[in-house]
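Working notes, beginning with the structure itself.
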Amino acid sequence: MRPERAAGATAQVRVPATSANLGPGFDSLGLALAVHDHVRLTELDGGPSVVDVQGEGAGRVPRDERHLVLRAACATYELAGVDRPPLHLACDNTIPHSRGLGSSASAAVAGIVAACALLGPGKAPDEAAVLDLAARFDGHADNVAACLLGGLVVTWCTEGSYRAAHLEPDPAVVPVVFVSEHSSSTEATRGLLPDRVPHGDAAFTASRAALVVHALTRAPGLLLPATEDRLHQPYRRPAYPATGRLVDALREAGIAAVVSGAGPTVLALTTGDPLPDDLPTSGFETLQVPIDTDGAVVTV
Ligand SMILES: Nc1ncnc2c1ncn2[C@@H]1O[C@H](COP(=O)(O)OP(=O)(O)OP(=O)(O)O)[C@@H](O)[C@H]1O
Ligand SMILES: N[C@@H](CCO)C(=O)O
């Protein structure tokens, strides 16, 4: 979060998309991607709150107090113990919804960061409390922390609070996202995960989760073995067979591909080499997307 204060009671926030898990880092690792939503939040003198939406979600998301960004802003005023004035929220969105690019986390972060900027430094929660609030509000600390901080994050929860470590990815890492034309509910694909996993699979995935942090920050040559996972992707596969086929084809070609977040989008962590031209990409839009290194950026 990088506040730049000026006069006025409008906050403008830019938030990146995020890809969670990165293969073995289930519910822990996140990477910010340079696809952005923009929100403008203004305190009004009176009347009801007003929501305007352009781009992704327009005509589909509610335009009243149920709107995710507005609800996140309200939760922030509540945490600060400040009566919330009516608000005008204007959203200009490009992050696709329900594809595995963390749109709901970015919406939560946008609302919270905008409300913090309007509350001002004396009343707004501090950066640690913002991360914790956003993680609780969205339920996915891996997406939320990457969105707030940019770059690569490792998240964990200790004594009931969410925390994050921020890392700089190696500049040689070039993400390519294959955005699925189909949507998938995170809640539904979490429902496919078992309550228990074999100890051998946990140990296998623990070694890869440690290795992927090394690969992403210092040794991109290790990305292919480092992105193997046995904790979530095998169980989610039946929900989106085309995603599984594309991940397999990329990996067989030596490219470190994973399901992005809860899917069905695919994330390939490349080192800039051209992709094979016979990939099964029907139903996916292929985009080379830089890593976002700024996180949530706010102007008041
Ligand atoms: N900018 C937004 N404004 C309002 N509502 C949003 C916004 N972004 C997401 N949502 C809501 O969140 C839902 C998507 O949440 P979901 O957790 O299923 O997917 P995701 O966050 O896009 O992907 P993932 O968590 O797998 O990375 C949308 O259907 C919409 O209701
Ligand atoms: N770690 C979460 C991310 C959801 O965006 C999951 O895989 O369900």
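Labels used: A, B, ... for chains in the order of the structure tokens, numbers from 1 for residues in each chain, and numbers from 1 for ligands as shown.
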
Report as a PyMOL selection string which protein, DNA and RNA residues come within 10 Å of ligand 2, using only C-alpha atoms and all ligand atoms. chain A and resi 18-23+25-30+98-105+138-144+185-191+193+231-233+236+259-263

Residues within 10 Å of Leu152 of chain A, please, as a ChimeraX atom specification. Count only C-alpha atoms; anything in the same chain fewer than 6 positions from it doesn't count. /A:18-20,29-33,142,145-146,164-170,213,216-217,291-293

Measure the distance from atom CA of Phe137 of chain A to atom CA of Ala108 of chain A in Å and round it to one decimal. 7.0 Å

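Using only C-alpha atoms and all ligand atoms, the shortest contact distance between ligand 1 and any of A:Pro24, A:Ala129, A:Leu267, A:His214 is found at A:Leu267.
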
Contacts of Ala80 of chain A at 9 Å (only C-alpha atoms; same-chain gap of 6+ positions) as a list in words: Cys116, Leu119, Lys123, Ala124 and Pro125 of chain A

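Near segment 194-197 of chain A, within 8 Å and counting only C-alpha atoms, sit A:Asp201, A:Ala202, A:Leu231, A:Tyr235, not including residues fewer than 4 positions from it in the same chain.
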
Please dump the current selection as a compact mmCIF listing (two decimals), in the first residue's frame; keep C-alpha atoms.
```txt
# COMPACT_ATOMS: atom_id res chain seq x y z
CA ASP A 201 1.84 -36.51 -0.46
CA ALA A 202 2.18 -33.86 2.25
CA LEU A 231 -2.40 -31.27 -2.23
CA TYR A 235 -8.56 -33.36 -6.56
```

Among listed residues A:Asp83, A:Glu228, A:Asp37, A:Asp132, nearest Gly160 of chain A (using only C-alpha atoms): A:Asp132

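Near Ala117 of chain A, within a cut-off of 9 Å and counting only C-alpha atoms, sit the residues Pro3, Arg5, Ala9, Thr10, Ala11, Gln12, Ile112, Ala124, Val298, Thr299 and Val300 of chain A, with same-chain residues fewer than 5 positions away left out.
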
Need the shell around Cys74 of chain A: protein/DNA/RNA residues with any atom at most 12 Å away, counting only C-alpha atoms. Skip same-chain ones fewer than 6 positions apart. Format as a PDB file with N, CA and C atoms, in the first residue's frame?
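Below is the file that was written, around30.pdb:
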```
ATOM      1  N   LEU A  41     -13.576   6.055  -4.585  1.00  0.00           N
ATOM      2  CA  LEU A  41     -14.535   6.060  -3.469  1.00  0.00           C
ATOM      3  C   LEU A  41     -14.614   7.476  -2.909  1.00  0.00           C
ATOM      4  N   GLU A  43     -16.731  10.175  -0.208  1.00  0.00           N
ATOM      5  CA  GLU A  43     -17.699  10.368   0.882  1.00  0.00           C
ATOM      6  C   GLU A  43     -18.738  11.386   0.419  1.00  0.00           C
ATOM      7  N   SER A  49     -25.916   5.363  -0.553  1.00  0.00           N
ATOM      8  CA  SER A  49     -24.672   5.079  -1.274  1.00  0.00           C
ATOM      9  C   SER A  49     -25.010   4.709  -2.721  1.00  0.00           C
ATOM     10  N   GLU A  65     -25.721  -1.868  -1.448  1.00  0.00           N
ATOM     11  CA  GLU A  65     -24.875  -2.152  -0.269  1.00  0.00           C
ATOM     12  C   GLU A  65     -24.304  -3.575  -0.278  1.00  0.00           C
ATOM     13  N   ARG A  66     -24.795  -4.445  -1.181  1.00  0.00           N
ATOM     14  CA  ARG A  66     -24.258  -5.819  -1.259  1.00  0.00           C
ATOM     15  C   ARG A  66     -22.974  -5.873  -2.087  1.00  0.00           C
ATOM     16  N   HIS A  67     -22.626  -4.777  -2.767  1.00  0.00           N
ATOM     17  CA  HIS A  67     -21.437  -4.794  -3.633  1.00  0.00           C
ATOM     18  C   HIS A  67     -20.189  -5.073  -2.793  1.00  0.00           C
ATOM     19  N   LEU A  68     -19.354  -5.997  -3.300  1.00  0.00           N
ATOM     20  CA  LEU A  68     -18.201  -6.477  -2.524  1.00  0.00           C
ATOM     21  C   LEU A  68     -17.249  -5.353  -2.098  1.00  0.00           C
ATOM     22  N   ALA A  80     -12.611   0.638  12.344  1.00  0.00           N
ATOM     23  CA  ALA A  80     -12.024   1.883  12.866  1.00  0.00           C
ATOM     24  C   ALA A  80     -12.931   2.535  13.912  1.00  0.00           C
ATOM     25  N   GLY A  81     -14.178   2.027  14.044  1.00  0.00           N
ATOM     26  CA  GLY A  81     -15.117   2.609  15.009  1.00  0.00           C
ATOM     27  C   GLY A  81     -15.621   3.970  14.577  1.00  0.00           C
ATOM     28  N   VAL A  82     -15.694   4.184  13.258  1.00  0.00           N
ATOM     29  CA  VAL A  82     -16.128   5.479  12.714  1.00  0.00           C
ATOM     30  C   VAL A  82     -17.454   5.284  11.984  1.00  0.00           C
ATOM     31  N   ASP A  83     -18.428   6.176  12.243  1.00  0.00           N
ATOM     32  CA  ASP A  83     -19.702   6.096  11.511  1.00  0.00           C
ATOM     33  C   ASP A  83     -19.437   6.315  10.035  1.00  0.00           C
ATOM     34  N   ARG A  84     -20.012   5.448   9.209  1.00  0.00           N
ATOM     35  CA  ARG A  84     -19.739   5.560   7.778  1.00  0.00           C
ATOM     36  C   ARG A  84     -20.717   6.527   7.125  1.00  0.00           C
ATOM     37  N   PRO A  85     -20.177   7.505   6.383  1.00  0.00           N
ATOM     38  CA  PRO A  85     -21.066   8.374   5.614  1.00  0.00           C
ATOM     39  C   PRO A  85     -21.563   7.612   4.388  1.00  0.00           C
ATOM     40  N   PRO A  86     -22.611   8.092   3.692  1.00  0.00           N
ATOM     41  CA  PRO A  86     -22.935   7.483   2.403  1.00  0.00           C
ATOM     42  C   PRO A  86     -21.739   7.653   1.458  1.00  0.00           C
ATOM     43  N   LEU A  87     -21.588   6.688   0.555  1.00  0.00           N
ATOM     44  CA  LEU A  87     -20.404   6.675  -0.309  1.00  0.00           C
ATOM     45  C   LEU A  87     -20.812   6.577  -1.772  1.00  0.00           C
ATOM     46  N   LEU A  89     -19.250   4.898  -5.038  1.00  0.00           N
ATOM     47  CA  LEU A  89     -18.201   3.983  -5.479  1.00  0.00           C
ATOM     48  C   LEU A  89     -18.274   3.856  -6.997  1.00  0.00           C
ATOM     49  N   ALA A 108     -11.947  -6.832  -2.399  1.00  0.00           N
ATOM     50  CA  ALA A 108     -11.892  -6.586  -0.951  1.00  0.00           C
ATOM     51  C   ALA A 108     -10.764  -5.616  -0.614  1.00  0.00           C
ATOM     52  N   ALA A 110      -9.366  -3.421  -2.571  1.00  0.00           N
ATOM     53  CA  ALA A 110      -9.678  -2.077  -3.087  1.00  0.00           C
ATOM     54  C   ALA A 110     -10.577  -1.314  -2.116  1.00  0.00           C
ATOM     55  N   GLY A 111     -11.616  -1.972  -1.627  1.00  0.00           N
ATOM     56  CA  GLY A 111     -12.547  -1.299  -0.710  1.00  0.00           C
ATOM     57  C   GLY A 111     -11.883  -0.916   0.601  1.00  0.00           C
ATOM     58  N   ILE A 112     -11.060  -1.825   1.113  1.00  0.00           N
ATOM     59  CA  ILE A 112     -10.417  -1.578   2.414  1.00  0.00           C
ATOM     60  C   ILE A 112      -9.376  -0.469   2.299  1.00  0.00           C
ATOM     61  N   VAL A 113      -8.565  -0.529   1.253  1.00  0.00           N
ATOM     62  CA  VAL A 113      -7.505   0.482   1.075  1.00  0.00           C
ATOM     63  C   VAL A 113      -8.127   1.858   0.798  1.00  0.00           C
ATOM     64  N   ALA A 114      -9.193   1.890   0.015  1.00  0.00           N
ATOM     65  CA  ALA A 114      -9.857   3.177  -0.260  1.00  0.00           C
ATOM     66  C   ALA A 114     -10.440   3.758   1.032  1.00  0.00           C
ATOM     67  N   ALA A 115     -11.091   2.908   1.819  1.00  0.00           N
ATOM     68  CA  ALA A 115     -11.683   3.407   3.075  1.00  0.00           C
ATOM     69  C   ALA A 115     -10.594   3.888   4.027  1.00  0.00           C
ATOM     70  N   CYS A 116      -9.475   3.167   4.088  1.00  0.00           N
ATOM     71  CA  CYS A 116      -8.355   3.589   4.955  1.00  0.00           C
ATOM     72  C   CYS A 116      -7.867   4.978   4.549  1.00  0.00           C
ATOM     73  N   LEU A 118      -9.563   7.329   3.097  1.00  0.00           N
ATOM     74  CA  LEU A 118     -10.544   8.355   3.480  1.00  0.00           C
ATOM     75  C   LEU A 118     -10.554   8.568   4.991  1.00  0.00           C
ATOM     76  N   LEU A 119     -10.331   7.498   5.743  1.00  0.00           N
ATOM     77  CA  LEU A 119     -10.303   7.639   7.207  1.00  0.00           C
ATOM     78  C   LEU A 119      -9.086   8.448   7.656  1.00  0.00           C
ATOM     79  N   LEU A 133      -7.597  -7.856   8.174  1.00  0.00           N
ATOM     80  CA  LEU A 133      -9.007  -7.597   7.841  1.00  0.00           C
ATOM     81  C   LEU A 133      -9.329  -8.125   6.442  1.00  0.00           C
ATOM     82  N   PHE A 137     -11.917 -10.992   5.521  1.00  0.00           N
ATOM     83  CA  PHE A 137     -13.079 -10.582   4.727  1.00  0.00           C
ATOM     84  C   PHE A 137     -13.203 -11.480   3.492  1.00  0.00           C
TER      85      PHE A 137
END
```

Selected residue of minimal separation from ligand 1 among A:Val154, A:Val15, A:Val247, A:Ala107, counting only C-alpha atoms and all ligand atoms: A:Ala107
